[in-house]
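See structure below.
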Amino acid sequence: MEHKKVSIIGAGFVGASVAYSLMLDNIADEIALIDIDNKKACGEADDIAHGVEGISNTAIYSGYHSDCRDSSIIVMTAGRGRLPGESRLDLAAENMKTLRSVADSLSGYYNGCPILMISNPVDILTAGAEKLLGTPEGRIFGSGCMLDSSRFIRRIAQTVFPKDRAAQSGCAEKIKAFVIGEHGDAQIPLWNSVYVCGKPAEEYCAENNIIWNEDVRQTIFTETKNMGSSIIRAKGRTNYGIAVCACRIIRAVLNDEDFTASVSSTLGLGSHEIKAALSLPSVIGNKGVVSRAAVTLDDTEKKAFEKSAAEMRDMLKKLL
């Protein structure tokens, strides 16, 4: 059986939370936690290891970029997180410098395995990493709108199952919905693809006397889009939600599951030297993003998606 190794670059709140989630899930044989502050990485690795005895068989330790040479997947969480009032794009210049440093440090050690980008702005850094490392399209991909889609689903559940907390908690089994595009303010909810209990949301709500009009949908979307900022204002960071999403993605790579999620990867939109990375429902396997699910966009959604792609390309061109 193939040895499954995850290397996590960045031992901050997100990187450590990803490592902790992976340990509890017990899906990897080995986790290397890598940080410019090796002492911190060592402390995080030891703390996690001490709490999972008898629960996980995964070995975890603090490592260096050279430990990436035999990785099954590399997870990039290094970089500064958002501060209250900041957008993800505000981090672009600063975290691109961090990405360049990491890319240089990986020279000679990167074996071509998938790289999952979590650092923000995730779309910019995903496309930037592909350009810097010269990987095939889809090999480097970002967590993108997977977390936004999860928030979207839960917010829909609160509307269509208002008195059923159990249904709200198990909403992923009952609701199918995706957010696409930028992991940020320009994200796009696919309303025509929202299904509740196997039926289009509009049909389900009509049958169950639930209001499902433009005002309700706008409220759901606005609250979904602002959830990250709301959490940061409340506790200073977001780390648990993205860690669980990352763990699910990593499991799909390690087990070659062909799992579908709205993740970010570069799009071959025209003959551009600089490609944009945006989220679409994508099939994830042991090579990264292996294909994208077919989605139908109306004219408004298509224009918004193409506008985001152009903005991402322009910003990346300036940064590179």
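Every chain in the structure tokens takes a letter, A first, then B, and so on in the order presented; its residues are numbered from 1, and the ligands are numbered from 1 following the presented order.
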- Using DSSP on the backbone, list every residue of region 51-275 of chain A that comes out as alpha helix (DSSP H), and give them as a ChimeraX atom specification. /A:92-106,122-133,146-160,165-169,201-207,214-235,240-255
- Query: Can you tell me, as a ChimeraX atom specification, what residues are no more than 12 Å from Glu223 (chain A) when counting only C-alpha atoms, ignoring any on the same chain fewer than 6 positions away?
  - Reply: /A:148,151-156,158,185,189,216-217,229-231
Output file for the residues above (all heavy atoms, as a short mmCIF file (atom, residue, chain, number, x, y, z; two decimals), in the first residue's frame):
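As a result, selection-v1.cif now contains:
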data_model
loop_
_atom_site.label_atom_id
_atom_site.label_comp_id
_atom_site.auth_asym_id
_atom_site.auth_seq_id
_atom_site.Cartn_x
_atom_site.Cartn_y
_atom_site.Cartn_z
N ASP A 148 -17.29 28.50 1.22
CA ASP A 148 -18.44 29.36 0.91
C ASP A 148 -19.66 28.51 0.59
O ASP A 148 -20.78 28.82 1.01
CB ASP A 148 -18.12 30.27 -0.27
CG ASP A 148 -16.91 31.15 -0.02
OD1 ASP A 148 -16.96 31.97 0.91
OD2 ASP A 148 -15.93 31.02 -0.76
N ARG A 151 -21.04 27.12 3.80
CA ARG A 151 -21.80 28.16 4.51
C ARG A 151 -23.14 28.42 3.83
O ARG A 151 -24.16 28.62 4.50
CB ARG A 151 -20.96 29.45 4.54
CG ARG A 151 -19.73 29.36 5.43
CD ARG A 151 -18.79 30.54 5.21
NE ARG A 151 -17.71 30.54 6.20
CZ ARG A 151 -16.60 31.25 6.08
NH1 ARG A 151 -16.40 32.01 5.01
NH2 ARG A 151 -15.66 31.20 7.01
N PHE A 152 -23.13 28.42 2.51
CA PHE A 152 -24.34 28.63 1.71
C PHE A 152 -25.37 27.54 2.02
O PHE A 152 -26.55 27.82 2.26
CB PHE A 152 -23.93 28.59 0.24
CG PHE A 152 -25.00 28.98 -0.76
CD1 PHE A 152 -25.84 30.06 -0.54
CD2 PHE A 152 -25.12 28.26 -1.95
CE1 PHE A 152 -26.79 30.42 -1.49
CE2 PHE A 152 -26.06 28.61 -2.89
CZ PHE A 152 -26.90 29.69 -2.66
N ILE A 153 -24.92 26.30 2.03
CA ILE A 153 -25.81 25.17 2.30
C ILE A 153 -26.41 25.28 3.70
O ILE A 153 -27.62 25.09 3.90
CB ILE A 153 -25.05 23.84 2.13
CG1 ILE A 153 -24.78 23.59 0.65
CG2 ILE A 153 -25.82 22.67 2.76
CD1 ILE A 153 -23.83 22.44 0.39
N ARG A 154 -25.59 25.59 4.67
CA ARG A 154 -26.09 25.70 6.05
C ARG A 154 -27.08 26.86 6.18
O ARG A 154 -28.10 26.74 6.88
CB ARG A 154 -24.93 25.88 7.03
CG ARG A 154 -25.36 25.98 8.49
CD ARG A 154 -24.20 25.77 9.41
NE ARG A 154 -23.81 24.36 9.48
CZ ARG A 154 -24.33 23.48 10.34
NH1 ARG A 154 -25.28 23.85 11.17
NH2 ARG A 154 -23.90 22.24 10.34
N ARG A 155 -26.82 27.97 5.50
CA ARG A 155 -27.75 29.10 5.58
C ARG A 155 -29.07 28.78 4.89
O ARG A 155 -30.14 29.19 5.37
CB ARG A 155 -27.09 30.34 4.96
CG ARG A 155 -27.92 31.61 5.12
CD ARG A 155 -28.18 31.93 6.58
NE ARG A 155 -29.12 33.03 6.73
CZ ARG A 155 -30.44 32.90 6.64
NH1 ARG A 155 -30.99 31.71 6.41
NH2 ARG A 155 -31.23 33.95 6.78
N ILE A 156 -29.01 28.04 3.78
CA ILE A 156 -30.25 27.59 3.12
C ILE A 156 -31.02 26.67 4.06
O ILE A 156 -32.25 26.77 4.19
CB ILE A 156 -29.92 26.87 1.80
CG1 ILE A 156 -29.39 27.87 0.77
CG2 ILE A 156 -31.17 26.17 1.24
CD1 ILE A 156 -28.80 27.22 -0.47
N GLN A 158 -31.15 26.67 7.24
CA GLN A 158 -31.83 27.43 8.29
C GLN A 158 -33.13 28.04 7.79
O GLN A 158 -34.05 28.29 8.58
CB GLN A 158 -30.89 28.53 8.81
CG GLN A 158 -29.70 27.98 9.59
CD GLN A 158 -28.64 29.03 9.86
OE1 GLN A 158 -28.66 30.12 9.27
NE2 GLN A 158 -27.72 28.72 10.75
N ASP A 185 -15.54 38.75 -2.26
CA ASP A 185 -16.75 39.54 -2.40
C ASP A 185 -17.47 39.31 -3.73
O ASP A 185 -18.66 39.60 -3.83
CB ASP A 185 -16.41 41.04 -2.26
CG ASP A 185 -15.94 41.39 -0.85
OD1 ASP A 185 -16.27 40.62 0.08
OD2 ASP A 185 -15.25 42.41 -0.69
N PRO A 189 -23.49 32.76 -6.24
CA PRO A 189 -24.31 31.61 -5.85
C PRO A 189 -25.06 31.06 -7.05
O PRO A 189 -25.62 31.82 -7.85
CB PRO A 189 -25.29 32.21 -4.83
CG PRO A 189 -25.46 33.63 -5.29
CD PRO A 189 -24.15 34.05 -5.91
N VAL A 216 -35.60 36.81 0.09
CA VAL A 216 -35.07 35.73 0.92
C VAL A 216 -33.73 35.27 0.36
O VAL A 216 -32.75 35.09 1.11
CB VAL A 216 -36.07 34.55 0.98
CG1 VAL A 216 -35.40 33.32 1.60
CG2 VAL A 216 -37.31 34.94 1.77
N ARG A 217 -33.67 35.09 -0.94
CA ARG A 217 -32.42 34.63 -1.55
C ARG A 217 -31.29 35.65 -1.37
O ARG A 217 -30.15 35.29 -1.11
CB ARG A 217 -32.64 34.31 -3.04
CG ARG A 217 -33.51 33.09 -3.27
CD ARG A 217 -33.44 32.61 -4.71
NE ARG A 217 -34.02 33.58 -5.64
CZ ARG A 217 -35.30 33.62 -5.97
NH1 ARG A 217 -36.17 32.75 -5.43
NH2 ARG A 217 -35.75 34.50 -6.84
N SER A 229 -16.06 37.46 7.36
CA SER A 229 -15.76 38.72 8.04
C SER A 229 -16.41 38.77 9.41
O SER A 229 -15.81 39.27 10.37
CB SER A 229 -16.27 39.89 7.18
OG SER A 229 -15.57 39.97 5.96
N SER A 230 -17.62 38.23 9.51
CA SER A 230 -18.34 38.22 10.79
C SER A 230 -17.59 37.39 11.83
O SER A 230 -17.44 37.80 13.00
CB SER A 230 -19.75 37.67 10.61
OG SER A 230 -20.44 37.58 11.83
N ILE A 231 -17.07 36.24 11.42
CA ILE A 231 -16.32 35.38 12.32
C ILE A 231 -15.01 36.05 12.75
O ILE A 231 -14.62 36.00 13.92
CB ILE A 231 -16.04 34.01 11.67
CG1 ILE A 231 -17.36 33.24 11.48
CG2 ILE A 231 -15.07 33.18 12.50
CD1 ILE A 231 -17.24 32.01 10.61
#
- In Å, how far is it from CA of Ala294 (chain A) to CA of Arg313 (chain A)?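 That distance, rounded to one decimal, is 23.1 Å.
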- Item | Contacts of region 42-54 of chain A at 8 Å (only C-alpha atoms; same-chain gap of 4+ positions) as a ChimeraX atom specification | /A:11,16,19-20,23-24,33,38,59-62
Write to file, as a short mmCIF file (atom, residue, chain, number, x, y, z; two decimals), in the first residue's frame, the residues of the selection just made, with N, CA, C and O atoms.
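So selection_37.cif came out as:
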data_model
loop_
_atom_site.label_atom_id
_atom_site.label_comp_id
_atom_site.auth_asym_id
_atom_site.auth_seq_id
_atom_site.Cartn_x
_atom_site.Cartn_y
_atom_site.Cartn_z
N ALA A 11 2.48 26.76 10.15
CA ALA A 11 2.00 26.16 11.39
C ALA A 11 1.22 27.16 12.24
O ALA A 11 1.21 27.08 13.46
N ALA A 16 -2.15 24.45 11.80
CA ALA A 16 -2.26 23.56 12.95
C ALA A 16 -3.65 22.92 13.01
O ALA A 16 -3.78 21.74 13.37
N ALA A 19 -3.75 20.13 10.49
CA ALA A 19 -3.02 18.97 11.02
C ALA A 19 -3.85 18.24 12.07
O ALA A 19 -3.92 17.00 12.07
N TYR A 20 -4.49 18.97 12.95
CA TYR A 20 -5.32 18.37 13.99
C TYR A 20 -6.49 17.60 13.38
O TYR A 20 -6.79 16.46 13.79
N MET A 23 -5.25 14.40 11.88
CA MET A 23 -4.93 13.40 12.90
C MET A 23 -6.20 12.70 13.38
O MET A 23 -6.24 11.47 13.53
N LEU A 24 -7.26 13.47 13.61
CA LEU A 24 -8.51 12.87 14.07
C LEU A 24 -9.13 11.99 12.99
O LEU A 24 -9.76 10.97 13.30
N LEU A 33 4.82 19.06 9.60
CA LEU A 33 4.34 20.42 9.84
C LEU A 33 5.53 21.36 9.75
O LEU A 33 6.47 21.27 10.54
N ASN A 38 10.54 27.05 13.31
CA ASN A 38 10.52 25.61 13.55
C ASN A 38 10.15 25.26 14.98
O ASN A 38 9.52 24.23 15.24
N ALA A 59 1.71 9.56 12.17
CA ALA A 59 2.90 10.17 12.77
C ALA A 59 2.93 11.64 12.38
O ALA A 59 2.74 11.99 11.22
N ILE A 60 3.17 12.52 13.35
CA ILE A 60 3.27 13.95 13.07
C ILE A 60 4.54 14.50 13.69
O ILE A 60 4.93 14.10 14.80
N TYR A 61 5.20 15.41 12.97
CA TYR A 61 6.45 15.98 13.46
C TYR A 61 6.69 17.32 12.77
O TYR A 61 6.10 17.62 11.72
N SER A 62 7.54 18.15 13.37
CA SER A 62 7.94 19.40 12.72
C SER A 62 9.02 19.07 11.70
O SER A 62 9.92 18.26 11.97
#
- Show which residues sit within 7 Å of Val194 (chain A), as a PyMOL selection string. Count only C-alpha atoms, and ignore same-chain residues fewer than 3 positions away. chain A and resi 176-177+190-191+200-201
Next, dump the selected residues to file, keeping only N, CA, C and O atoms, as a JSON list (two decimals), in the first residue's frame.
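Listed below is the output, out34.json:
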[["chain", "number", "residue", "atom", "x", "y", "z"],
["A", 176, "LYS", "N", -28.23, 20.34, -1.98],
["A", 176, "LYS", "CA", -27.14, 20.44, -2.94],
["A", 176, "LYS", "C", -27.09, 21.89, -3.43],
["A", 176, "LYS", "O", -28.09, 22.42, -3.92],
["A", 177, "ALA", "N", -25.95, 22.53, -3.25],
["A", 177, "ALA", "CA", -25.81, 23.93, -3.67],
["A", 177, "ALA", "C", -24.33, 24.27, -3.81],
["A", 177, "ALA", "O", -23.49, 23.72, -3.09],
["A", 190, "LEU", "N", -25.06, 29.75, -7.23],
["A", 190, "LEU", "CA", -25.77, 29.13, -8.35],
["A", 190, "LEU", "C", -27.19, 28.76, -7.91],
["A", 190, "LEU", "O", -27.47, 27.62, -7.54],
["A", 191, "TRP", "N", -28.09, 29.74, -7.96],
["A", 191, "TRP", "CA", -29.45, 29.53, -7.46],
["A", 191, "TRP", "C", -30.20, 28.46, -8.25],
["A", 191, "TRP", "O", -30.98, 27.68, -7.69],
["A", 200, "PRO", "N", -35.86, 20.88, -6.90],
["A", 200, "PRO", "CA", -35.43, 22.27, -6.98],
["A", 200, "PRO", "C", -35.95, 23.05, -5.78],
["A", 200, "PRO", "O", -37.09, 22.82, -5.33],
["A", 201, "ALA", "N", -35.14, 23.94, -5.25],
["A", 201, "ALA", "CA", -35.50, 24.65, -4.02],
["A", 201, "ALA", "C", -36.84, 25.35, -4.13],
["A", 201, "ALA", "O", -37.65, 25.33, -3.20]]
- Task: Taking the DSSP assignment computed from this structure's backbone, write out as a count of residues only all residues of region 145-305 of chain A that belong to strand (DSSP E).
- Result: 34
- Query: What's the 8 Å shell around region 282-291 of chain A, counting only C-alpha atoms, without same-chain residues fewer than 4 positions away, as an MDAnalysis selection string?
  - Reply: chainID A and resid 113:115 138:141 249 252:263 265
- Query: Could you pull the residues within 12 Å of Ile36 (chain A), counting only C-alpha atoms, minus those fewer than 3 positions along the same chain, as JSON, numbers by chain?
  - Reply: {"A": [8, 9, 10, 11, 12, 33, 39, 40, 41, 42, 62, 63, 64, 65, 78, 79, 98, 101, 102, 105]}
- Arg80 (chain A): which residues within 12 Å, counting only C-alpha atoms, same-chain residues fewer than 4 positions away excluded, as a PyMOL selection string? chain A and resi 10-15+86+88-99+118-121+237
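The two atoms in question, CA of Lys163 (chain A) and CA of Met146 (chain A), are spaced 26.0 Å apart.
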